[in-house]
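Next up, run.txt (compact mmCIF, C-alpha atoms):
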# COMPACT_ATOMS: atom_id res chain seq x y z
CA MET A 1 173.36 150.18 88.59
CA THR A 2 169.81 150.73 89.78
CA THR A 3 167.43 147.89 88.95
CA TYR A 4 163.62 147.77 88.96
CA GLU A 5 163.70 145.73 92.16
CA ASP A 6 165.53 148.60 93.87
CA PHE A 7 162.46 150.83 93.52
CA ALA A 8 160.23 148.75 95.80
CA GLY A 9 159.42 150.94 98.82
CA ARG A 10 160.87 154.12 97.28
CA GLU A 11 158.97 157.37 97.47
CA ILE A 12 158.28 158.88 94.04
CA VAL A 13 155.86 161.65 95.08
CA PRO A 14 156.76 163.37 98.36
CA PRO A 15 153.87 164.65 100.50
CA ARG A 16 152.14 167.31 98.42
CA GLU A 17 149.10 169.34 99.36
CA GLY A 18 146.33 169.75 96.81
CA PRO A 19 145.86 173.20 95.24
CA ASP A 20 142.36 173.76 96.68
CA PRO A 21 140.48 172.78 99.82
CA VAL A 22 137.38 170.61 99.52
CA ASN A 23 134.73 173.01 98.22
CA VAL A 24 131.10 173.00 97.14
CA PRO A 25 131.54 174.29 93.55
CA MET A 26 133.86 171.40 92.63
CA ILE A 27 131.54 168.93 94.34
CA ARG A 28 128.60 170.35 92.36
CA HIS A 29 130.45 169.97 89.05
CA TRP A 30 131.44 166.41 89.92
CA ALA A 31 127.95 165.39 91.05
CA GLU A 32 126.39 166.85 87.91
CA ALA A 33 128.91 165.13 85.66
CA MET A 34 128.37 161.78 87.40
CA GLY A 35 124.62 162.15 87.73
CA ASP A 36 124.93 161.60 91.49
CA ARG A 37 121.91 163.13 93.27
CA ASN A 38 122.82 162.14 96.83
CA PRO A 39 121.69 165.24 98.82
CA VAL A 40 124.50 164.97 101.40
CA TYR A 41 126.90 166.27 98.74
CA LEU A 42 125.17 169.61 98.17
CA ASP A 43 122.42 170.13 100.80
CA ASP A 44 123.76 171.07 104.23
CA ASP A 45 120.44 170.34 105.99
CA ALA A 46 120.17 166.93 104.34
CA ALA A 47 123.72 166.10 105.39
CA ARG A 48 123.06 167.16 109.00
CA ALA A 49 119.88 165.08 109.05
CA THR A 50 122.06 161.98 108.54
CA GLY A 51 124.24 162.84 111.55
CA ARG A 52 127.03 164.46 109.57
CA ALA A 53 128.43 167.86 110.53
CA GLY A 54 127.60 169.23 107.08
CA ILE A 55 128.16 168.68 103.38
CA VAL A 56 130.66 165.93 102.50
CA ALA A 57 132.46 165.19 99.23
CA PRO A 58 131.87 161.99 97.24
CA ALA A 59 134.50 159.46 98.22
CA SER A 60 135.43 158.94 94.57
CA MET A 61 136.61 162.58 94.42
CA THR A 62 139.52 161.94 96.80
CA GLN A 63 142.16 161.90 94.07
CA ALA A 64 140.66 164.99 92.40
CA TRP A 65 141.53 167.23 95.39
CA THR A 66 145.26 166.60 94.81
CA MET A 67 145.34 167.07 91.04
CA ARG A 68 147.44 170.04 89.97
CA GLY A 69 145.66 170.90 86.73
CA TYR A 70 146.64 170.62 83.09
CA ALA A 71 149.23 173.42 82.92
CA ALA A 72 151.13 172.28 86.01
CA THR A 73 151.08 168.66 84.85
CA VAL A 74 152.47 169.48 81.41
CA ALA A 75 155.16 171.72 82.92
CA GLY A 76 156.18 169.08 85.46
CA THR A 77 158.83 166.40 85.13
CA GLY A 78 158.91 162.68 85.62
CA ALA A 79 155.39 161.50 86.33
CA GLY A 80 154.18 165.00 85.62
CA SER A 81 152.40 165.40 88.93
CA GLY A 82 154.83 166.97 91.36
CA ALA A 83 157.02 163.91 91.25
CA GLY A 84 160.27 163.69 93.15
CA PRO A 85 163.72 162.50 92.10
CA GLY A 86 162.68 158.87 92.51
CA ALA A 87 159.95 159.24 89.91
CA GLU A 88 162.31 160.97 87.50
CA GLU A 89 164.86 158.19 87.91
CA LEU A 90 162.23 155.48 87.44
CA ASN A 91 160.76 157.22 84.41
CA ALA A 92 164.22 157.53 82.83
CA LEU A 93 164.90 153.82 83.39
CA LEU A 94 161.57 152.82 81.85
CA GLU A 95 162.11 155.03 78.82
CA LYS A 96 165.67 153.75 78.37
CA ASP A 97 164.27 150.23 78.14
CA GLY A 98 161.74 151.34 75.54
CA TYR A 99 158.64 151.42 77.77
CA THR A 100 157.49 154.74 76.37
CA SER A 101 153.73 154.14 76.36
CA VAL A 102 151.46 154.00 79.38
CA VAL A 103 147.97 152.86 80.25
CA ALA A 104 146.27 152.69 83.64
CA THR A 105 145.03 149.19 84.50
CA ASP A 106 143.84 149.18 88.13
CA SER A 107 142.74 151.53 90.90
CA GLU A 108 141.80 150.17 94.33
CA PHE A 109 140.62 152.64 96.98
CA GLU A 110 140.29 152.18 100.74
CA PHE A 111 138.42 155.08 102.35
CA HIS A 112 139.07 155.88 106.02
CA ARG A 113 136.73 158.85 106.44
CA GLU A 114 134.59 161.25 104.45
CA LEU A 115 136.02 164.57 103.40
CA ALA A 116 134.18 167.68 104.56
CA VAL A 117 134.12 171.16 103.08
CA GLY A 118 137.35 172.97 104.07
CA ASP A 119 139.51 169.83 104.34
CA ARG A 120 142.99 170.16 102.81
CA VAL A 121 144.13 166.90 101.26
CA SER A 122 147.75 165.87 100.68
CA VAL A 123 149.10 162.83 98.84
CA ARG A 124 152.28 160.79 99.05
CA GLU A 125 153.13 158.01 96.57
CA VAL A 126 155.44 155.03 97.11
CA VAL A 127 156.37 152.23 94.71
CA GLU A 128 154.97 148.90 95.87
CA SER A 129 156.30 146.67 93.08
CA ILE A 130 157.42 146.53 89.45
CA SER A 131 156.63 143.31 87.64
CA PRO A 132 158.99 141.28 85.48
CA GLU A 133 158.61 141.96 81.77
CA LYS A 134 155.22 140.74 80.49
CA SER A 135 153.81 140.22 77.00
CA THR A 136 150.44 141.93 76.57
CA ALA A 137 148.09 142.69 73.70
CA LEU A 138 149.45 146.26 73.70
CA GLY A 139 153.09 145.24 73.70
CA VAL A 140 155.85 144.01 76.00
CA GLY A 141 155.98 145.92 79.26
CA ARG A 142 156.07 146.07 83.04
CA PHE A 143 153.27 146.70 85.53
CA VAL A 144 154.22 149.45 87.98
CA THR A 145 152.16 149.33 91.18
CA THR A 146 152.26 152.26 93.58
CA VAL A 147 150.46 153.14 96.80
CA ARG A 148 149.10 156.65 97.25
CA THR A 149 148.32 157.73 100.79
CA TYR A 150 145.92 160.67 101.22
CA THR A 151 146.02 162.64 104.47
CA ASP A 152 144.33 165.73 105.92
CA LYS A 153 146.06 168.83 107.31
CA ASP A 154 146.65 167.02 110.61
CA GLY A 155 148.36 164.08 108.92
CA GLU A 156 145.41 161.74 109.48
CA VAL A 157 145.00 159.15 106.72
CA VAL A 158 141.71 159.68 104.87
CA ALA A 159 142.22 157.20 102.01
CA VAL A 160 144.73 154.78 100.50
CA GLN A 161 144.87 154.02 96.78
CA ARG A 162 146.69 151.18 95.07
CA TRP A 163 147.39 152.40 91.52
CA ARG A 164 148.72 150.21 88.72
CA LEU A 165 150.08 151.31 85.34
CA LEU A 166 151.35 149.29 82.42
CA ARG A 167 154.46 150.84 80.91
CA PHE A 168 155.04 149.14 77.54
CA ARG A 169 156.86 149.20 74.24
CA PRO A 170 154.28 149.91 71.55
CA LYS A 171 154.06 147.18 68.96
CA ASP A 172 155.70 147.99 65.66
CA GLN A 173 152.68 148.01 63.37
CA ALA A 174 154.90 147.87 60.30
CA THR A 175 156.57 144.61 61.29
CA GLU A 176 153.92 143.03 63.48
CA LYS A 177 152.68 139.77 62.08
CA ARG A 178 149.11 140.31 61.01
CA GLU A 179 146.41 137.77 60.53
CA PRO A 180 145.21 137.57 56.92
CA LYS A 181 141.93 139.36 56.30
CA PRO A 182 139.03 136.89 56.29
CA LEU A 183 137.41 136.10 52.96
CA ARG A 184 134.01 137.48 52.11
CA PRO A 185 131.24 134.97 52.74
CA ARG A 186 130.87 132.70 49.70
CA PRO A 187 127.78 133.21 47.53
CA ALA A 188 125.43 130.28 47.04
CA VAL A 189 126.39 129.22 43.53
CA ASN A 190 124.17 126.69 41.74
CA ARG A 191 123.42 125.54 38.19
CA ASP A 192 121.02 128.43 37.65
CA ASN A 193 123.36 131.30 38.62
CA ALA A 194 126.85 129.90 37.99
CA PHE A 195 127.01 131.70 34.62
CA TRP A 196 126.50 135.04 36.35
CA PHE A 197 129.40 134.57 38.78
CA GLU A 198 131.64 133.23 36.00
CA ALA A 199 130.95 136.39 33.97
CA ALA A 200 131.66 138.54 37.03
CA ARG A 201 135.10 136.94 37.37
CA GLU A 202 135.73 138.24 33.83
CA HIS A 203 134.44 141.70 34.88
CA ARG A 204 131.30 141.35 32.78
CA LEU A 205 127.91 142.23 34.26
CA VAL A 206 125.30 140.11 32.53
CA ILE A 207 121.52 139.73 32.83
CA GLN A 208 119.63 136.53 32.14
CA ARG A 209 117.33 136.91 29.12
CA CYS A 210 114.45 134.67 28.08
CA ALA A 211 115.06 133.19 24.62
CA GLY A 212 111.32 133.00 24.05
CA CYS A 213 110.04 136.50 24.88
CA ALA A 214 113.34 138.39 25.46
CA THR A 215 112.31 139.40 29.01
CA LEU A 216 115.27 140.21 31.24
CA ARG A 217 115.25 138.74 34.73
CA HIS A 218 117.39 138.90 37.86
CA PRO A 219 118.15 137.02 40.01
CA PRO A 220 118.67 134.17 37.56
CA GLY A 221 116.22 131.28 37.53
CA PRO A 222 115.41 128.19 35.48
CA CYS A 223 112.16 129.44 33.99
CA CYS A 224 110.83 132.71 32.54
CA PRO A 225 108.12 134.07 34.85
CA HIS A 226 106.35 135.71 31.87
CA CYS A 227 106.14 133.02 29.20
CA GLY A 228 107.29 129.91 31.04
CA SER A 229 110.15 129.16 28.66
CA PHE A 230 113.16 127.25 29.96
CA GLU A 231 115.35 128.58 27.17
CA TRP A 232 117.56 131.57 27.90
CA ASP A 233 120.73 133.42 27.05
CA ALA A 234 122.50 136.40 28.65
CA ALA A 235 122.67 140.08 27.72
CA GLU A 236 125.58 142.24 28.79
CA ALA A 237 124.54 145.24 30.91
CA SER A 238 125.77 148.76 30.30
CA GLY A 239 126.88 149.11 33.92
CA ARG A 240 124.82 152.25 34.51
CA GLY A 241 121.81 152.66 36.75
CA GLN A 242 120.39 154.50 39.72
CA VAL A 243 119.87 153.90 43.43
CA TYR A 244 116.43 152.38 43.99
CA SER A 245 116.83 151.98 47.76
CA PHE A 246 119.62 151.54 50.30
CA VAL A 247 120.51 150.86 53.92
CA VAL A 248 123.68 151.54 55.92
CA ALA A 249 124.86 148.51 57.89
CA HIS A 250 126.82 149.17 61.10
CA HIS A 251 126.28 145.97 63.12
CA PRO A 252 126.82 143.11 63.44
CA ARG A 253 130.26 143.49 61.88
CA HIS A 254 132.06 140.93 59.76
CA PRO A 255 135.85 141.36 59.49
CA ALA A 256 135.80 140.90 55.71
CA PHE A 257 133.88 144.15 55.19
CA GLU A 258 134.67 147.83 55.64
CA TYR A 259 132.18 149.85 57.72
CA PRO A 260 129.91 151.69 57.52
CA LEU A 261 128.70 149.39 54.73
CA ILE A 262 126.23 150.81 52.21
CA VAL A 263 123.97 148.08 50.84
CA ALA A 264 121.87 149.24 47.92
CA VAL A 265 119.31 148.02 45.43
CA VAL A 266 120.46 149.43 42.11
CA GLU A 267 118.05 149.60 39.19
CA LEU A 268 120.03 149.10 36.00
CA ASP A 269 119.27 151.09 32.87
CA GLU A 270 118.08 147.80 31.38
CA GLY A 271 115.31 147.63 34.01
CA THR A 272 116.41 144.81 36.32
CA ARG A 273 117.59 145.39 39.87
CA LEU A 274 120.37 143.85 41.90
CA ILE A 275 121.62 144.07 45.47
CA THR A 276 125.12 145.49 45.66
CA ASN A 277 127.41 147.79 47.63
CA LEU A 278 128.00 151.49 47.00
CA VAL A 279 131.59 152.73 47.10
CA GLY A 280 133.25 156.12 46.83
CA VAL A 281 130.45 157.87 48.70
CA ALA A 282 129.66 158.68 52.33
CA PRO A 283 126.37 157.33 53.71
CA GLU A 284 124.97 160.82 54.23
CA GLU A 285 125.58 161.65 50.56
CA VAL A 286 123.54 158.78 49.12
CA GLU A 287 120.18 159.72 47.59
CA ILE A 288 117.34 157.77 46.02
CA ASP A 289 117.54 157.95 42.19
CA MET A 290 121.21 158.96 42.39
CA PRO A 291 122.96 157.93 39.13
CA VAL A 292 125.61 155.26 39.65
CA VAL A 293 128.10 153.42 37.49
CA LEU A 294 129.65 149.97 37.72
CA GLU A 295 133.01 149.15 39.31
CA TRP A 296 134.48 145.76 40.05
CA LEU A 297 135.52 144.51 43.47
CA ASP A 298 138.06 141.71 43.32
CA ALA A 299 137.39 140.43 46.82
CA ASP A 300 139.87 137.55 46.45
CA PRO A 301 141.31 135.47 43.59
CA ASP A 302 138.11 133.41 43.37
CA LEU A 303 135.48 136.12 43.76
CA SER A 304 134.75 139.29 41.80
CA LEU A 305 131.59 141.26 42.49
CA PRO A 306 129.93 144.30 40.93
CA VAL A 307 129.78 147.42 43.10
CA PHE A 308 128.64 150.89 42.12
CA ARG A 309 129.91 154.42 42.65
CA PRO A 310 128.16 157.74 42.04
CA VAL A 311 128.40 159.21 38.56
CA ALA A 312 130.46 162.41 38.68
CA GLN A 313 128.35 165.55 38.21
CA GLU A 314 130.18 166.48 35.02
CA ASP A 315 129.40 163.05 33.54
CA ARG A 316 125.66 163.17 34.20
CA ASP A 317 124.75 165.29 31.20
Entire entry expressed as structure tokens:
Amino acid sequence: MTTYEDFAGREIVPPREGPDPVNVPMIRHWAEAMGDRNPVYLDDDAARATGRAGIVAPASMTQAWTMRGYAATVAGTGAGSGAGPGAEELNALLEKDGYTSVVATDSEFEFHRELAVGDRVSVREVVESISPEKSTALGVGRFVTTVRTYTDKDGEVVAVQRWRLLRFRPKDQATEKREPKPLRPRPAVNRDNAFWFEAAREHRLVIQRCAGCATLRHPPGPCCPHCGSFEWDAAEASGRGQVYSFVVAHHPRHPAFEYPLIVAVVELDEGTRLITNLVGVAPEEVEIDMPVVLEWLDADPDLSLPVFRPVAQEDRD
């Protein structure tokens, strides 16, 4: 039975010539995409002024000259890149053991010479090593390290690449142990506002009311700002209002919240305002003066908070 250790030194991609010679149009596209303005890549005179024979390709394009294109890759077998029997056998062994997912982790290049326009590049790939099974954040898997040797039409080595992939078993999201979601930050509850949070736990939205002049006030406080009375009671709000202002919070993120987070100042029909969250609406749909209605968010067993959603169009009349 073939083991992973048996693959060390085995060829998985036999020497294969790239589909196109080094050419200026592909260099131009690459340089534009990378924002590389080095004139030796596109200006023949500039390249000759540096002692070169003419235009050269960026070294980082070496692998690109051997790529077969999307259609050929999808139609291929094994590694999907002109792989040989060794690659097919290795791929079958990895899949049999459940390593069905893949992610590239490392690429180390050693360049022997620059590639000039007209060069034909070939590549050969050999397995260097396959690691023992490792536990990673993505799942349990093995690191497969290969060495790709790039040569020109005369067989001269132009570059060597050490390429490492992680082949892994994807974690089962349904059974994976998950950390409990963090609690929302605790509000600062004191003797002046405790009644408000206690009412919220009962799904009642209340507003502090001065017992002397009947002025409503929020946030709660010990003294009426209008008449100075320390006597008060609470009125129950209708739960209807409109958006007075809002912001959309993206960062910094707290794991207890869902983002984007719409933070709004809602003006209640009773005239007081409170800071709350809007739900059931996309940020781009929120408008100033938009009618909203109360909902309750039971954040955890000890905390219920009022949030607001838009009033449906048919309910606005």
### Task
Could you please determine the separation between atom CA of Trp30 of chain A and atom CA of Ala64 of chain A in Å, to one decimal place?
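According to the coordinates, atom CA of Trp30 of chain A and atom CA of Ala64 of chain A are separated by 9.7 Å.
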### Task
Excluding Pro310 of chain A and any residue of its chain fewer than 6 positions from it, enumerate the residues within 12 Å of it, using only C-alpha atoms, and give them as number ranges by chain.
A: 239-243, 266, 277-283, 285-295, 316
### Summary
The distance between atom CA of Val248 of chain A and atom CA of Val263 of chain A is 6.2 Å
### Query
Given the choices A:Asp44, A:Ser129, A:Tyr4, A:Arg16, which gets closest to Asp97 of chain A if the distance is worked out from all atoms listed in the file?
A:Tyr4
### Query
Smallest atom-to-atom distance to Pro15 of chain A: which of A:Ala137, A:Val40, A:Ala237, A:Val126, using all atoms listed in the file?
A:Val126
### Task
Can you work out which one of A:Glu17, A:Thr62, A:Ala199, A:Ala234 has the shortest atom-to-atom distance to Ser304 of chain A, counting all atoms listed in the file?
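Among A:Glu17, A:Thr62, A:Ala199, A:Ala234, it is A:Ala199 that comes nearest to Ser304 of chain A.
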